[in-house]
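Text of query20.txt (compact mmCIF, C-alpha atoms) as supplied:
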# COMPACT_ATOMS: atom_id res chain seq x y z
CA MET V 28 -32.92 26.35 -28.67
CA PRO V 29 -36.39 25.72 -27.37
CA PRO V 30 -36.45 25.41 -23.60
CA ASP V 31 -36.06 21.88 -22.38
CA HIS V 32 -39.40 21.08 -20.88
CA ASP V 33 -41.97 18.43 -20.70
CA LEU V 34 -45.39 19.75 -21.63
CA ASP V 35 -47.01 17.88 -18.76
CA ASP V 36 -44.99 19.87 -16.25
CA TYR V 37 -46.87 23.00 -17.22
CA VAL V 38 -50.38 21.66 -17.24
CA ASP V 39 -51.46 22.55 -13.75
CA PRO V 40 -53.28 19.94 -11.72
CA TYR V 41 -56.04 22.50 -11.92
CA SER V 42 -59.10 22.53 -9.83
CA PRO V 43 -61.05 25.67 -8.99
CA GLY V 44 -60.99 24.83 -5.28
CA HIS V 45 -57.22 24.70 -5.24
CA ARG V 46 -56.52 27.68 -7.44
CA HIS V 47 -55.14 29.82 -4.65
CA GLY V 48 -55.81 30.70 -1.06
CA GLY V 49 -57.61 33.93 -1.81
CA PRO V 50 -61.26 34.90 -1.64
CA LEU V 51 -64.08 32.97 -3.28
CA ARG V 52 -64.72 34.52 -6.68
CA VAL V 53 -68.31 34.44 -7.85
CA GLY V 54 -69.16 35.35 -11.45
CA LEU V 55 -72.48 37.05 -12.16
CA GLY V 56 -73.38 36.81 -15.85
CA GLY V 57 -76.45 37.06 -18.04
CA PRO V 58 -78.22 39.06 -20.73
CA VAL V 59 -78.61 42.83 -20.68
CA GLY V 60 -81.24 44.03 -18.24
CA SER V 61 -81.78 40.74 -16.44
CA GLY V 62 -80.73 42.21 -13.10
CA LYS V 63 -77.03 41.38 -12.69
CA THR V 64 -76.16 44.73 -11.14
CA ALA V 65 -79.27 44.72 -8.98
CA LEU V 66 -78.32 41.23 -7.78
CA ALA V 67 -74.75 42.31 -7.10
CA ALA V 68 -76.07 45.26 -5.08
CA ALA V 69 -78.47 43.01 -3.18
CA LEU V 70 -75.71 40.53 -2.36
CA CYS V 71 -73.46 43.36 -1.19
CA ARG V 72 -76.19 44.70 1.10
CA THR V 73 -76.98 41.27 2.52
CA LEU V 74 -73.47 39.85 2.78
CA SER V 75 -71.15 42.80 3.41
CA SER V 76 -71.74 42.57 7.16
CA GLU V 77 -70.82 38.86 7.11
CA TYR V 78 -67.88 38.80 4.71
CA ASP V 79 -64.96 40.97 3.73
CA LEU V 80 -66.19 41.51 0.16
CA ALA V 81 -65.52 43.46 -3.02
CA VAL V 82 -66.94 43.75 -6.54
CA VAL V 83 -65.49 43.94 -10.05
CA THR V 84 -67.77 45.37 -12.74
CA ASN V 85 -67.46 44.95 -16.52
CA ASP V 86 -70.00 47.39 -17.83
CA ILE V 87 -69.75 48.61 -21.43
CA TYR V 88 -69.03 52.06 -20.14
CA THR V 89 -66.58 51.82 -17.34
CA THR V 90 -68.35 53.42 -14.45
CA GLU V 91 -72.07 52.96 -15.04
CA ASP V 92 -72.50 49.81 -12.94
CA ALA V 93 -69.80 50.82 -10.51
CA ASP V 94 -71.65 54.08 -9.85
CA PHE V 95 -74.91 52.18 -9.36
CA LEU V 96 -73.21 49.96 -6.81
CA ARG V 97 -71.71 52.91 -4.99
CA ARG V 98 -75.16 54.43 -4.67
CA ASN V 99 -77.02 51.24 -3.83
CA ALA V 100 -74.72 48.76 -2.22
CA VAL V 101 -73.36 50.50 0.83
CA LEU V 102 -69.94 49.44 -0.42
CA PRO V 103 -67.01 51.85 -0.10
CA ASP V 104 -65.37 53.03 -3.32
CA ASP V 105 -62.17 51.16 -2.64
CA ARG V 106 -64.06 47.87 -2.79
CA ILE V 107 -65.40 48.42 -6.31
CA GLU V 108 -63.19 48.12 -9.39
CA ALA V 109 -64.42 48.66 -12.94
CA VAL V 110 -62.60 47.27 -15.96
CA GLN V 111 -62.70 48.20 -19.63
CA THR V 112 -63.55 45.34 -21.93
CA GLY V 113 -62.55 46.73 -25.33
CA CYS V 114 -66.10 46.42 -26.68
CA CYS V 115 -66.05 42.69 -25.93
CA PRO V 116 -67.53 41.92 -22.51
CA HIS V 117 -67.55 38.25 -23.31
CA THR V 118 -63.85 38.14 -24.21
CA ALA V 119 -62.99 39.84 -20.93
CA ILE V 120 -64.62 37.14 -18.79
CA ARG V 121 -63.72 34.08 -20.82
CA ASP V 122 -61.12 34.29 -23.57
CA ASP V 123 -58.71 36.87 -22.16
CA ILE V 124 -59.38 37.46 -18.49
CA THR V 125 -56.29 39.62 -17.91
CA ALA V 126 -58.09 42.88 -17.08
CA ASN V 127 -60.38 41.11 -14.63
CA LEU V 128 -57.53 39.23 -12.97
CA ASP V 129 -55.70 42.54 -12.57
CA ALA V 130 -58.77 44.03 -10.90
CA VAL V 131 -59.25 41.06 -8.57
CA GLU V 132 -55.57 41.10 -7.61
CA LEU V 133 -55.71 44.83 -6.98
CA LEU V 134 -58.66 44.36 -4.63
CA GLU V 135 -56.88 41.47 -2.92
CA SER V 136 -53.77 43.53 -2.35
CA ARG V 137 -55.83 46.46 -1.08
CA HIS V 138 -57.87 44.25 1.28
CA PRO V 139 -55.69 41.36 2.43
CA GLY V 140 -58.54 39.77 4.41
CA LEU V 141 -60.89 39.62 1.42
CA GLU V 142 -63.22 36.61 1.59
CA LEU V 143 -65.59 37.13 -1.34
CA VAL V 144 -65.28 38.85 -4.73
CA LEU V 145 -68.27 39.26 -7.02
CA VAL V 146 -67.29 39.63 -10.68
CA GLU V 147 -70.19 41.09 -12.62
CA SER V 148 -69.98 40.68 -16.39
CA GLY V 149 -71.20 43.21 -18.90
CA GLY V 150 -74.60 42.34 -20.34
CA ASP V 151 -74.11 39.73 -23.02
CA ASN V 152 -76.04 36.91 -24.61
CA LEU V 153 -76.97 33.34 -23.78
CA THR V 154 -73.59 31.97 -24.88
CA ALA V 155 -71.69 34.05 -22.34
CA SER V 156 -69.88 32.22 -19.59
CA PHE V 157 -66.98 32.86 -17.24
CA SER V 158 -63.65 31.14 -17.48
CA TYR V 159 -62.91 29.09 -14.36
CA GLY V 160 -59.51 30.73 -14.48
CA LEU V 161 -61.29 33.86 -13.30
CA VAL V 162 -64.08 32.64 -11.02
CA ASP V 163 -64.68 29.65 -8.74
CA VAL V 164 -68.42 29.51 -9.30
CA GLN V 165 -70.77 31.35 -11.61
CA VAL V 166 -74.34 32.55 -11.44
CA PHE V 167 -76.29 33.15 -14.65
CA VAL V 168 -79.13 35.65 -14.35
CA VAL V 169 -82.03 35.66 -16.80
CA ASP V 170 -85.39 37.31 -16.33
CA VAL V 171 -89.00 36.40 -16.83
CA ALA V 172 -89.63 39.39 -19.08
CA GLY V 173 -87.02 38.07 -21.54
CA GLY V 174 -89.49 35.31 -22.38
CA ASP V 175 -90.27 31.97 -20.78
CA LYS V 176 -88.49 30.17 -23.65
CA VAL V 177 -85.04 31.26 -22.45
CA PRO V 178 -84.32 28.18 -20.27
CA ARG V 179 -85.35 25.91 -23.13
CA LYS V 180 -83.06 27.72 -25.58
CA GLY V 181 -80.17 26.73 -23.36
CA GLY V 182 -76.64 27.94 -24.03
CA PRO V 183 -73.69 27.58 -21.66
CA GLY V 184 -74.99 30.16 -19.20
CA VAL V 185 -78.30 28.39 -18.73
CA THR V 186 -77.05 24.82 -18.86
CA ALA V 187 -73.63 24.96 -17.22
CA SER V 188 -73.76 27.78 -14.66
CA ASP V 189 -73.43 26.69 -11.05
CA LEU V 190 -76.61 28.58 -10.21
CA LEU V 191 -79.31 29.77 -12.60
CA VAL V 192 -81.34 32.72 -11.34
CA VAL V 193 -84.64 33.56 -13.01
CA ASN V 194 -85.33 37.13 -11.88
CA LYS V 195 -88.45 39.34 -12.03
CA THR V 196 -90.96 36.59 -11.23
CA ASP V 197 -93.34 39.40 -10.20
CA LEU V 198 -93.64 40.29 -13.90
CA ALA V 199 -94.79 36.82 -14.96
CA PRO V 200 -98.53 37.61 -15.06
CA LEU V 201 -97.86 40.86 -16.92
CA VAL V 202 -95.80 39.32 -19.72
CA GLY V 203 -97.68 36.04 -19.94
CA ALA V 204 -94.71 33.97 -18.81
CA ASP V 205 -95.28 30.54 -17.31
CA LEU V 206 -92.95 30.09 -14.32
CA GLY V 207 -93.73 26.38 -14.21
CA VAL V 208 -92.48 25.99 -17.78
CA MET V 209 -89.32 27.95 -16.98
CA ARG V 210 -88.64 25.79 -13.92
CA ARG V 211 -89.27 22.56 -15.81
CA ASP V 212 -87.19 23.54 -18.84
CA ALA V 213 -84.31 24.71 -16.63
CA ASP V 214 -84.34 21.50 -14.61
CA ALA V 215 -84.37 19.47 -17.82
CA VAL V 216 -81.12 20.97 -19.14
CA ARG V 217 -79.19 21.63 -15.93
CA GLY V 218 -78.35 18.12 -14.82
CA GLY V 219 -79.38 18.64 -11.23
CA LYS V 220 -77.69 22.00 -10.72
CA PRO V 221 -79.86 24.51 -8.84
CA THR V 222 -82.22 27.11 -10.28
CA LEU V 223 -83.79 29.88 -8.19
CA LEU V 224 -86.85 31.82 -9.29
CA ILE V 225 -86.73 35.17 -7.54
CA SER V 226 -87.93 38.74 -7.65
CA LEU V 227 -85.45 41.34 -6.46
CA ARG V 228 -88.32 43.80 -6.36
CA VAL V 229 -90.22 41.63 -3.88
CA ASP V 230 -87.11 40.44 -2.01
CA PRO V 231 -84.41 43.16 -2.31
CA ALA V 232 -82.17 41.12 0.00
CA ALA V 233 -81.90 38.27 -2.55
CA THR V 234 -82.28 35.93 0.40
CA GLU V 235 -82.06 32.61 -1.44
CA VAL V 236 -79.15 33.63 -3.66
CA ALA V 237 -77.27 34.99 -0.65
CA GLU V 238 -77.76 31.65 1.11
CA TRP V 239 -76.41 29.82 -1.94
CA VAL V 240 -73.33 32.09 -1.88
CA ARG V 241 -72.86 31.33 1.84
CA GLU V 242 -72.91 27.61 1.01
CA GLN V 243 -70.19 28.16 -1.62
CA VAL V 244 -68.02 30.03 0.87
CA ARG V 245 -68.47 27.23 3.41
CA ALA V 246 -67.74 24.55 0.81
CA ARG V 247 -64.55 26.31 -0.20
CA ALA V 248 -63.44 26.68 3.41
CA LEU V 249 -63.95 22.94 3.90
CA GLN V 250 -61.96 22.18 0.73
CA GLU V 251 -59.07 24.26 1.97
CA ALA V 252 -59.15 22.96 5.53
CA MET A 27 -39.01 28.77 -33.42
CA THR A 28 -41.54 30.25 -35.80
CA ALA A 29 -44.42 28.76 -33.84
CA ALA A 30 -43.27 30.52 -30.66
CA LEU A 31 -43.17 33.84 -32.52
CA LEU A 32 -46.63 33.25 -33.95
CA THR A 33 -47.92 32.49 -30.46
CA LEU A 34 -46.34 35.64 -29.05
CA ALA A 35 -47.84 37.88 -31.74
CA ASP A 36 -51.21 36.16 -31.76
CA SER A 37 -53.95 38.52 -30.61
CA ARG A 38 -55.57 35.55 -28.90
CA LEU A 39 -52.68 35.20 -26.46
CA PRO A 40 -54.51 36.13 -23.26
CA ALA A 41 -52.28 39.00 -22.18
CA GLY A 42 -54.94 41.70 -22.07
CA GLY A 43 -54.13 43.37 -25.38
CA HIS A 44 -57.76 43.32 -26.50
CA THR A 45 -58.67 46.01 -23.97
CA HIS A 46 -56.18 48.53 -25.43
CA SER A 47 -56.80 50.48 -28.63
CA GLY A 48 -53.42 52.16 -28.99
CA GLY A 49 -54.99 55.60 -29.24
CA VAL A 50 -57.61 54.53 -31.78
CA GLU A 51 -60.61 55.12 -29.53
CA GLN A 52 -59.61 58.73 -28.91
CA ALA A 53 -58.52 59.30 -32.52
CA ILE A 54 -62.02 58.26 -33.55
CA ALA A 55 -63.58 60.56 -30.93
CA ALA A 56 -61.44 63.41 -32.24
CA GLY A 57 -62.59 62.76 -35.79
CA MET A 58 -59.11 61.88 -37.04
CA LEU A 59 -59.90 58.27 -37.79
CA THR A 60 -63.14 57.58 -39.60
CA ASP A 61 -62.60 54.87 -42.22
CA PRO A 62 -60.05 52.49 -43.77
CA ALA A 63 -58.47 55.38 -45.67
CA SER A 64 -57.65 57.18 -42.44
CA LEU A 65 -56.83 53.94 -40.58
CA ALA A 66 -53.81 53.13 -42.73
CA PRO A 67 -51.92 56.38 -42.07
CA PHE A 68 -52.79 56.19 -38.38
CA LEU A 69 -51.33 52.68 -38.15
CA ARG A 70 -48.25 53.72 -40.15
CA ARG A 71 -47.69 56.66 -37.86
CA ARG A 72 -48.04 54.46 -34.80
CA LEU A 73 -45.75 51.82 -36.28
CA THR A 74 -42.93 54.25 -36.99
CA THR A 75 -43.12 55.99 -33.62
CA SER A 76 -44.31 53.94 -30.64
CA GLY A 77 -43.95 50.73 -32.68
CA ALA A 78 -40.29 51.45 -33.41
CA VAL A 79 -39.63 52.34 -29.77
CA ALA A 80 -41.35 49.16 -28.58
CA ALA A 81 -39.45 47.06 -31.11
CA GLY A 82 -36.13 48.49 -29.99
CA LEU A 83 -36.89 47.91 -26.32
CA ALA A 84 -38.16 44.38 -26.97
CA ALA A 85 -35.01 43.45 -28.88
CA ALA A 86 -32.82 44.97 -26.17
CA ALA A 87 -34.73 43.14 -23.43
CA CYS A 88 -34.31 39.88 -25.32
CA ARG A 89 -30.55 40.51 -25.47
CA ALA A 90 -30.48 41.57 -21.80
CA VAL A 91 -31.50 38.06 -20.76
CA ASP A 92 -27.91 37.00 -21.56
CA ASP A 93 -26.41 39.87 -19.58
CA THR A 94 -24.27 39.02 -16.55
CA ASP A 95 -26.53 41.19 -14.40
CA VAL A 96 -29.96 40.61 -15.92
CA VAL A 97 -31.81 42.48 -13.16
CA ALA A 98 -29.76 45.63 -13.65
CA ALA A 99 -29.95 45.39 -17.45
CA LEU A 100 -33.74 45.02 -17.47
CA SER A 101 -34.18 47.70 -14.83
CA ALA A 102 -32.12 50.12 -16.95
CA LEU A 103 -34.28 49.30 -19.98
CA ASP A 104 -37.42 49.93 -17.95
CA ALA A 105 -36.09 53.40 -17.15
CA GLU A 106 -35.31 53.88 -20.86
CA ALA A 107 -38.91 52.92 -21.63
CA ASP A 108 -40.20 55.47 -19.14
CA ALA A 109 -37.97 58.13 -20.68
CA ARG A 110 -39.44 57.35 -24.11
CA THR A 111 -43.03 57.46 -22.82
CA PRO A 112 -43.77 61.00 -21.62
CA SER A 113 -47.52 60.38 -21.26
CA PRO A 114 -48.37 58.97 -17.79
CA ALA A 115 -51.46 57.33 -19.30
CA LEU A 116 -49.33 55.50 -21.85
CA ARG A 117 -46.87 54.43 -19.16
CA ASP A 118 -49.75 52.96 -17.21
CA ALA A 119 -51.08 51.24 -20.31
CA ALA A 120 -47.65 49.81 -21.15
CA ARG A 121 -47.16 48.51 -17.60
CA GLN A 122 -50.67 47.07 -17.50
CA GLN A 123 -49.97 45.13 -20.68
CA GLY A 124 -46.54 44.13 -19.42
CA ARG A 125 -48.10 42.67 -16.31
CA GLY A 126 -50.57 40.72 -18.42
CA LEU A 127 -47.84 39.28 -20.60
CA VAL A 128 -45.72 38.32 -17.59
CA ARG A 129 -48.70 36.41 -16.21
CA VAL A 130 -49.23 34.28 -19.31
CA GLY A 131 -45.64 34.30 -20.59
CA GLY A 132 -44.21 33.07 -17.32
CA ARG A 133 -46.48 30.05 -17.50
CA ALA A 134 -46.06 29.47 -21.22
CA TRP A 135 -42.28 29.79 -21.37
CA PRO A 136 -40.77 29.24 -17.91
CA HIS A 137 -37.38 30.95 -17.59
CA PRO A 138 -35.34 32.51 -14.75
CA ALA A 139 -35.37 35.88 -16.54
CA TRP A 140 -39.03 36.44 -15.70
CA ALA A 141 -38.03 36.88 -12.07
CA ALA A 142 -35.43 39.46 -13.12
CA LEU A 143 -38.05 41.82 -14.57
CA PRO A 144 -39.24 44.73 -12.46
CA ALA A 145 -42.79 44.47 -11.11
CA GLN A 146 -45.24 45.47 -13.87
CA PRO A 147 -42.60 46.09 -16.53
CA HIS A 148 -43.24 48.02 -19.72
CA HIS A 149 -44.83 45.67 -22.26
CA PRO A 150 -41.86 45.57 -24.67
CA LEU A 151 -39.61 44.32 -21.85
CA ALA A 152 -41.98 41.46 -21.11
CA LEU A 153 -42.10 40.79 -24.84
CA GLY A 154 -38.30 40.61 -25.02
CA VAL A 155 -38.09 38.21 -22.09
CA ALA A 156 -40.90 36.09 -23.54
CA ALA A 157 -39.02 35.92 -26.83
CA ALA A 158 -35.79 34.84 -25.11
CA ALA A 159 -37.65 32.34 -22.94
CA GLY A 160 -39.35 30.92 -26.03
CA GLY A 161 -36.05 30.42 -27.81
CA LEU A 162 -36.49 33.39 -30.13
CA THR A 163 -34.03 36.09 -31.21
CA PRO A 164 -33.94 39.85 -30.52
CA ARG A 165 -35.02 40.35 -34.13
CA ASP A 166 -38.08 38.15 -33.45
CA ALA A 167 -38.89 40.16 -30.34
CA ALA A 168 -38.71 43.35 -32.40
CA ALA A 169 -40.95 41.81 -35.06
CA ALA A 170 -43.59 40.86 -32.48
CA ALA A 171 -43.51 44.36 -30.96
CA ALA A 172 -43.74 46.08 -34.34
CA TYR A 173 -46.58 43.83 -35.48
CA LEU A 174 -48.53 44.25 -32.24
CA SER A 175 -48.21 48.02 -32.52
CA VAL A 176 -50.54 47.87 -35.53
CA SER A 177 -52.59 44.69 -35.08
CA GLY A 178 -54.20 45.70 -31.78
CA PRO A 179 -55.20 49.21 -32.92
CA ALA A 180 -56.49 47.81 -36.22
CA THR A 181 -58.81 45.44 -34.37
CA ALA A 182 -59.97 48.23 -32.08
CA ALA A 183 -60.85 50.40 -35.09
CA GLN A 184 -62.73 47.53 -36.65
CA ARG A 185 -64.80 47.07 -33.50
CA LEU A 186 -65.46 50.73 -32.81
CA LEU A 187 -66.36 51.70 -36.38
CA ALA A 188 -67.89 48.36 -37.38
CA MET A 189 -65.49 48.32 -40.33
CA ASP A 190 -65.38 45.49 -42.79
CA PRO A 191 -63.00 42.99 -41.15
CA ILE A 192 -61.64 41.89 -44.51
CA THR A 193 -60.69 45.46 -45.37
CA VAL A 194 -59.01 45.90 -41.98
CA ALA A 195 -57.12 42.63 -42.43
CA ALA A 196 -55.98 43.82 -45.85
CA VAL A 197 -54.81 47.17 -44.47
CA THR A 198 -52.82 45.38 -41.78
CA ALA A 199 -51.39 42.82 -44.19
CA ARG A 200 -50.25 45.48 -46.66
CA LEU A 201 -48.25 47.11 -43.89
CA SER A 202 -46.20 43.91 -43.51
CA PRO A 203 -43.12 45.13 -45.40
CA GLU A 204 -43.10 48.28 -43.30
CA VAL A 205 -43.54 46.26 -40.11
CA ASP A 206 -40.56 44.12 -41.11
CA ALA A 207 -38.50 47.20 -41.96
CA VAL A 208 -39.26 48.84 -38.61
CA ALA A 209 -38.40 45.62 -36.77
CA ALA A 210 -35.10 45.28 -38.63
CA ALA A 211 -34.13 48.92 -38.12
CA SER A 212 -35.06 48.89 -34.44
CA THR A 213 -32.86 45.95 -33.53
CA VAL A 214 -29.81 48.20 -33.37
CA GLY A 215 -29.74 50.78 -30.59
CA LEU A 216 -32.84 52.13 -28.88
CA PRO A 217 -35.11 54.26 -31.09
CA ALA A 218 -36.59 57.29 -29.37
CA ALA A 219 -39.23 58.36 -31.88
CA ALA A 220 -41.79 60.55 -30.15
CA ASP A 221 -45.35 61.28 -31.19
CA PRO A 222 -46.92 64.11 -29.21
CA LEU A 223 -50.27 63.41 -30.86
CA LEU A 224 -50.45 59.87 -29.47
CA ASP A 225 -49.38 61.19 -26.07
CA LEU A 226 -52.10 63.82 -26.18
CA LEU A 227 -54.78 61.38 -27.34
CA ALA A 228 -53.88 59.05 -24.47
CA GLU A 229 -54.07 61.83 -21.88
CA VAL A 230 -57.47 63.03 -23.11
CA HIS A 231 -58.73 59.45 -23.32
CA THR A 232 -57.73 58.35 -19.85
CA VAL A 233 -60.01 60.83 -18.06
CA ARG A 234 -63.08 59.87 -20.08
CA THR A 235 -65.70 57.79 -18.27
CA ASP A 236 -67.46 56.74 -21.48
CA ARG A 237 -64.68 54.63 -22.93
CA PHE A 238 -64.60 51.00 -23.98
CA PHE A 239 -60.83 50.61 -23.99
CA ALA A 240 -58.25 50.93 -21.25
CA SER A 241 -56.05 53.03 -23.57
As C-alpha cells, please, write out the structure in this file.
Amino acid sequence: MPPDHDLDDYVDPYSPGHRHGGPLRVGLGGPVGSGKTALAAALCRTLSSEYDLAVVTNDIYTTEDADFLRRNAVLPDDRIEAVQTGCCPHTAIRDDITANLDAVELLESRHPGLELVLVESGGDNLTASFSYGLVDVQVFVVDVAGGDKVPRKGGPGVTASDLLVVNKTDLAPLVGADLGVMRRDADAVRGGKPTLLISLRVDPAATEVAEWVREQVRARALQEA
Amino acid sequence: MTAALLTLADSRLPAGGHTHSGGVEQAIAAGMLTDPASLAPFLRRRLTTSGAVAAGLAAAACRAVDDTDVVAALSALDAEADARTPSPALRDAARQQGRGLVRVGGRAWPHPAWAALPAQPHHPLALGVAAAAGGLTPRDAAAAAAYLSVSGPATAAQRLLAMDPITVAAVTARLSPEVDAVAAASTVGLPAAADPLLDLLAEVHTVRTDRFFAS
C-alpha cells in the first residue's frame, strides 16, 4: 500500500530565508582560475574577526584548496571541510548536494555559534550554479583575463547569481579587456542584481565583496527577527 | 509500487551516491580495472560480495519495520552490518551514504520507521526503511541494493576512464539477470560474503589526498 499522503503536504513552503536557523550559507562559484579560492581566503581574513565563520571546499582533489586556505586564511583547520565530488563538481553543488550538506552540518555541529559558511565550488563552467537547497545566496566569480565577452555569453552563473564578481581588473590593459563593456553587458543581463569589478591583487581584503556579505548577514538577521 | 522502486534505485536520487565509486577509483589506480573487459568482472565480484550483503541487510531492514520493537531490530541489523564490514573506511562510506538516504528518503516517503533508525545507519538499512516507507517489499529493497552495488561503480569507472557510456550501460544491463538472482537469493537470511580485496582497496584509497571519490 502506498502511504496515504497528499503531495502538497510534502512540498515545503520553501524560502531560502526560512530554511533553518543556522548560519548564512554563501556559495562561491565560477570558472577555473577566476579567483574563487583567493576570494574565499580574502573573505576569511576580512570577516573572521567579525563572524563565527567556516568554509567548505569542493576542489577536484580534496585538499588542494583547503590547504591553500589553511596557509592563507588564518582559519583553523577545524573550520575548513573539503568534500569529494566524484569527478562532478557541478553535481555536488546543484543536483546532489548531499556531500556538501554533510560538510555544512558537520561544521555546524562542531561550532554551534556559526554565523557564516562559505561554500566554494570546484572550478566549473558558465552553466554552474548552486542549488538554493545548499546556499542562501551565491556569488559567481569570473575574471577579466577570461575575456571581456564572458558577461555577454551569460549562463546561469552570470545572469542569476546574487552577486557577480569580475576579478583581476588590474589585468585589463594587459589582455585588452574593456571593463566598460563587461560592466555594461553584465548589467544588461542581470536584471538589476549587483556586479562588482575588483582586483584581489590590488585589494587583498576584498573590501566591496565583504561589505556585500555583511549586508546579506544583516538581511538574514532581519528576516529571522 | 514499481515507480517507488525506480525512484529508489535511480542514480539521480540525491542521496550522495555519486561521490562513491565502490572501490573503482582505487582498482583503477592499482591497475586492476582498465577497460570494459575488466569492468564486468569487477562489477560481478562486487555484486556477489558486498552487493549480496547489502541486499540481505536491506531486505531484513524492510522486514524489521513491521517488528514489534523496530528500534531494537534495526539496531541489531546495524551491528550485523558492522560485523560484515571489516574495513573502517567502508563502514564510514556506508554510514555516509545511509545518512544521505535518510535525508532525502525521510522527506520523500514519510514514515515513523525513519526515527527508529540509528544515527547515520549503514546504507542498506536506510534502503530497507525507504522501501518499506514507499510501500515496497523486502525483495524490492534487496533488488535496489543489488542494483546500486553495480550501477554506482559502473558510472564511476565511466567517469574516471572516460569509457564509452553506451558500452558501460550495456555491461550494466547484461548483469541484470545476475542482479536479480543475487537479490532473490539474499532475501532469505543475512549473507556474509566477504571480499578482502575490496576492503584493502578501500583502506588504501581513504588515505589518498588525490582522490575524486569519497570511497
task = For CA of Gly178 in chain A and CA of Ser202 in chain A, determine how far apart the two atoms are, in Å to one decimal place.
result = 14.3 Å
query = Could you state the separation of CA of Asp206 in chain A and CA of Pro150 in chain A in Å, given to one decimal place?
reply =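 Answer for the CA of Asp206 in chain A to CA of Pro150 in chain A separation: 16.6 Å.
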Arg52 in chain V surroundings by only C-alpha atoms, 7 Å radius, close-in-sequence under 6 positions cut, as an MDAnalysis selection string = chainID V and resid 143:146 162:164
Give me the residues of range 117-199 of chain A that have any atom at most 6 Å from an atom of range 209-222 of chain A; for each, the nearest atom pair and the distance in Å, rounded to one decimal. Use only C-alpha atoms, sort by chain and number, and format it as a Markdown table.
| residue | atom | partner | partner_atom | distance |
| --- | --- | --- | --- | --- |
| A:Ala168 | CA | A:Ala209 | CA | 4.9 |
| A:Ala169 | CA | A:Ala209 | CA | 4.9 |
| A:Ala172 | CA | A:Ala209 | CA | 5.9 |
task = Please measure the separation of CA of Ile120 in chain V and CA of Thr198 in chain A, giving the value in Å to one decimal.
result = 27.1 Å
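Closest approach to chain A among V:Leu96, V:Ile124, V:Leu74, V:Leu51: V:Ile124, based on only C-alpha atoms.
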